[in-house]
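Participant: Please find one structure pasted underneath; my questions will follow.
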Amino acid sequence: MKIFLSVAMLFGMLTLSQSAEAAQCTVDLENGRGVTVDTFRGYGYDRYDACREAKQDCRRAIRSGYYRARILNCVERTRHNRPGRGGRIVHQSCTSNLVGPRGHRTIQTFIGHASGPRGTGVKAQACQRALRQCQAFQARTGRYRAQCQVERHIGIGGIF
C-alpha cells in the first residue's frame, strides 16, 4: 500500500511540475517604417500574462522618450512567425474629441484601442471604437449641438 501511495504521489508531482511551465511572449518596438528598434520579452503562467508584461515594458520604453522616432508601435510576434516576416499583431489607438458647438472647445476626449494582424484595418477599428464612445456620451448627456471629431494625425500608435 505504501508503494502504491508513493508511486501515486510521484506521478502527481511530475504531472503538476509539467503543467507549471512558464509561457514566453516577445514584443518588438518598431518605428514608423517597420524597423525593429528594440525587443521585449515577457514571462508568465500563460501567454496572456507573458504578453501583457512584454507590452507593458514596451509602452514604458515609448513613454520614457529614449527613442526619438515620431511613430513607435509595440508589435507582438505571433507564435509561428519569425521576426521580419508578415503576420505580426499590431496594437493601435485613436482619439476622438467631443467639440463644442462652435468647434473651438474640447468637452471630452475618448480613446479607442484595437489589436489585430498588420494590414487588416486595425487603426480604423480603433477610430471607430473611439467615435462610438463619443457618440454614446453625446447622446447620454444630451449635448446634441456638440460634434464628435476623430483626430486624423499620425501620432504614437500602439500606446495603451
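Ligands are numbered from 1 in the order shown, chains are lettered A, B, ... in the order of the C-alpha cells, and residues start at 1 in each chain.
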Give me, as a list of chain:residue names, all polymer residues having an atom no more than 6 Å from range 93-96 of chain A, counting only C-alpha atoms and skipping those fewer than 5 positions away in the same chain.

Facilitator: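 Once the adjacent positions are removed, what remains is A:Thr109, A:Phe110, A:Ile111, A:Gly112, A:His113, A:Ala126, A:Cys127, A:Ala130, A:Leu131, A:Gln149, A:Val150, A:Glu151, A:Gly157, A:Gly158.
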
Participant: Next, dump the selected residues to file, keeping only N, CA, C and O atoms, as a PDB file, in the first residue's frame.

Facilitator:
```pdb
ATOM      1  N   THR A 109     -12.568  63.886 -24.251  1.00  0.00           N
ATOM      2  CA  THR A 109     -11.715  63.132 -25.161  1.00  0.00           C
ATOM      3  C   THR A 109     -11.915  61.637 -24.916  1.00  0.00           C
ATOM      4  O   THR A 109     -12.001  61.199 -23.765  1.00  0.00           O
ATOM      5  N   PHE A 110     -11.978  60.872 -25.989  1.00  0.00           N
ATOM      6  CA  PHE A 110     -12.179  59.425 -25.913  1.00  0.00           C
ATOM      7  C   PHE A 110     -11.076  58.723 -26.692  1.00  0.00           C
ATOM      8  O   PHE A 110     -10.665  59.199 -27.756  1.00  0.00           O
ATOM      9  N   ILE A 111     -10.609  57.602 -26.168  1.00  0.00           N
ATOM     10  CA  ILE A 111      -9.541  56.845 -26.821  1.00  0.00           C
ATOM     11  C   ILE A 111     -10.040  55.437 -27.100  1.00  0.00           C
ATOM     12  O   ILE A 111     -10.539  54.754 -26.199  1.00  0.00           O
ATOM     13  N   GLY A 112      -9.916  55.019 -28.350  1.00  0.00           N
ATOM     14  CA  GLY A 112     -10.276  53.661 -28.744  1.00  0.00           C
ATOM     15  C   GLY A 112      -9.020  52.851 -29.024  1.00  0.00           C
ATOM     16  O   GLY A 112      -8.031  53.376 -29.528  1.00  0.00           O
ATOM     17  N   HIS A 113      -9.048  51.570 -28.684  1.00  0.00           N
ATOM     18  CA  HIS A 113      -7.911  50.683 -28.886  1.00  0.00           C
ATOM     19  C   HIS A 113      -8.353  49.484 -29.711  1.00  0.00           C
ATOM     20  O   HIS A 113      -9.486  49.030 -29.587  1.00  0.00           O
ATOM     21  N   ALA A 126      -9.867  51.027 -34.276  1.00  0.00           N
ATOM     22  CA  ALA A 126      -9.630  51.846 -33.085  1.00  0.00           C
ATOM     23  C   ALA A 126     -10.365  53.180 -33.190  1.00  0.00           C
ATOM     24  O   ALA A 126     -10.979  53.638 -32.225  1.00  0.00           O
ATOM     25  N   CYS A 127     -10.316  53.804 -34.368  1.00  0.00           N
ATOM     26  CA  CYS A 127     -11.017  55.078 -34.568  1.00  0.00           C
ATOM     27  C   CYS A 127     -12.530  54.896 -34.481  1.00  0.00           C
ATOM     28  O   CYS A 127     -13.236  55.755 -33.941  1.00  0.00           O
ATOM     29  N   ALA A 130     -13.437  54.666 -30.793  1.00  0.00           N
ATOM     30  CA  ALA A 130     -13.379  55.976 -30.142  1.00  0.00           C
ATOM     31  C   ALA A 130     -14.581  56.830 -30.533  1.00  0.00           C
ATOM     32  O   ALA A 130     -15.175  57.512 -29.695  1.00  0.00           O
ATOM     33  N   LEU A 131     -14.952  56.798 -31.809  1.00  0.00           N
ATOM     34  CA  LEU A 131     -16.105  57.566 -32.280  1.00  0.00           C
ATOM     35  C   LEU A 131     -17.402  57.070 -31.628  1.00  0.00           C
ATOM     36  O   LEU A 131     -18.249  57.868 -31.227  1.00  0.00           O
ATOM     37  N   GLN A 149     -15.411  64.449 -33.272  1.00  0.00           N
ATOM     38  CA  GLN A 149     -14.403  64.519 -34.329  1.00  0.00           C
ATOM     39  C   GLN A 149     -13.271  63.547 -34.010  1.00  0.00           C
ATOM     40  O   GLN A 149     -12.764  63.534 -32.895  1.00  0.00           O
ATOM     41  N   VAL A 150     -12.871  62.775 -35.010  1.00  0.00           N
ATOM     42  CA  VAL A 150     -11.752  61.852 -34.859  1.00  0.00           C
ATOM     43  C   VAL A 150     -10.486  62.574 -35.278  1.00  0.00           C
ATOM     44  O   VAL A 150     -10.449  63.217 -36.323  1.00  0.00           O
ATOM     45  N   GLU A 151      -9.459  62.479 -34.455  1.00  0.00           N
ATOM     46  CA  GLU A 151      -8.180  63.104 -34.798  1.00  0.00           C
ATOM     47  C   GLU A 151      -7.507  62.268 -35.870  1.00  0.00           C
ATOM     48  O   GLU A 151      -7.297  61.077 -35.700  1.00  0.00           O
ATOM     49  N   GLY A 157       1.414  55.399 -32.262  1.00  0.00           N
ATOM     50  CA  GLY A 157       0.453  54.311 -32.264  1.00  0.00           C
ATOM     51  C   GLY A 157       0.924  53.217 -31.333  1.00  0.00           C
ATOM     52  O   GLY A 157       2.088  53.095 -31.021  1.00  0.00           O
ATOM     53  N   GLY A 158       0.010  52.385 -30.920  1.00  0.00           N
ATOM     54  CA  GLY A 158       0.378  51.243 -30.119  1.00  0.00           C
ATOM     55  C   GLY A 158       0.472  51.509 -28.629  1.00  0.00           C
ATOM     56  O   GLY A 158       0.788  50.626 -27.874  1.00  0.00           O
TER      57      GLY A 158
END
```

Participant: Which residues are close to Gly121 in chain A, i.e. within 12 Å by only C-alpha atoms, leaving aside same-chain residues fewer than 3 positions away? Reply as a PDB file with C-alpha atoms, in the first residue's frame.

Facilitator:
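Saved the output as selection.pdb:
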```
ATOM      1  CA  ILE A  89      -0.051  41.557 -34.348  1.00  0.00           C
ATOM      2  CA  VAL A  90      -0.182  45.363 -34.076  1.00  0.00           C
ATOM      3  CA  HIS A  91      -1.822  47.456 -31.363  1.00  0.00           C
ATOM      4  CA  GLN A  92      -3.240  50.820 -32.387  1.00  0.00           C
ATOM      5  CA  SER A  93      -5.081  53.611 -30.624  1.00  0.00           C
ATOM      6  CA  ALA A 114      -7.711  47.744 -31.286  1.00  0.00           C
ATOM      7  CA  SER A 115      -5.364  44.838 -31.955  1.00  0.00           C
ATOM      8  CA  GLY A 116      -5.017  42.519 -34.912  1.00  0.00           C
ATOM      9  CA  PRO A 117      -2.790  41.332 -37.730  1.00  0.00           C
ATOM     10  CA  ARG A 118      -0.988  44.012 -39.702  1.00  0.00           C
ATOM     11  CA  ALA A 124      -9.784  52.092 -38.494  1.00  0.00           C
ATOM     12  CA  GLN A 125     -11.246  49.780 -35.841  1.00  0.00           C
ATOM     13  CA  ALA A 126      -9.630  51.846 -33.085  1.00  0.00           C
ATOM     14  CA  CYS A 127     -11.017  55.078 -34.568  1.00  0.00           C
ATOM     15  CA  GLN A 128     -14.460  53.524 -34.926  1.00  0.00           C
TER      16      GLN A 128
END
```

Participant: May I ask which of the residues A:Leu72, A:Gln147, A:Arg41, A:Arg47 is the closest one to His104 in chain A, counting only C-alpha atoms?

Facilitator: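 The shortest atom-to-atom distance to His104 in chain A comes from A:Gln147.
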
Participant: Residues at most 8 Å from Arg77 in chain A, counting only C-alpha atoms, excluding those fewer than 6 positions away in the same chain, as a list in words?

Facilitator: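 Neighbouring residues, sequence-local ones excluded: Cys25, Thr26, Val27, Asp28, Pro83, Arg88 and Ile89 of chain A.
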
Participant: Here is a test: counting only C-alpha atoms, which residue of A:Tyr48, A:Gly42, A:Pro101, A:Glu53 is nearest to Tyr144 in chain A?

Facilitator: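 Ranking A:Tyr48, A:Gly42, A:Pro101, A:Glu53 by distance to Tyr144 in chain A, first place goes to A:Pro101.
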
Participant: Quick one: pull the distance between CA of Leu29 in chain A and CA of Arg63 in chain A, Å, one decimal.

Facilitator: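 Those two atoms sit 12.1 Å apart.
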
Participant: May I ask which of the residues A:Gln24, A:Arg132, A:Ala61, A:Arg102 is the closest one to Gly44 in chain A, counting only C-alpha atoms?

Facilitator: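 Result for the nearest residue to Gly44 in chain A: A:Gln24.
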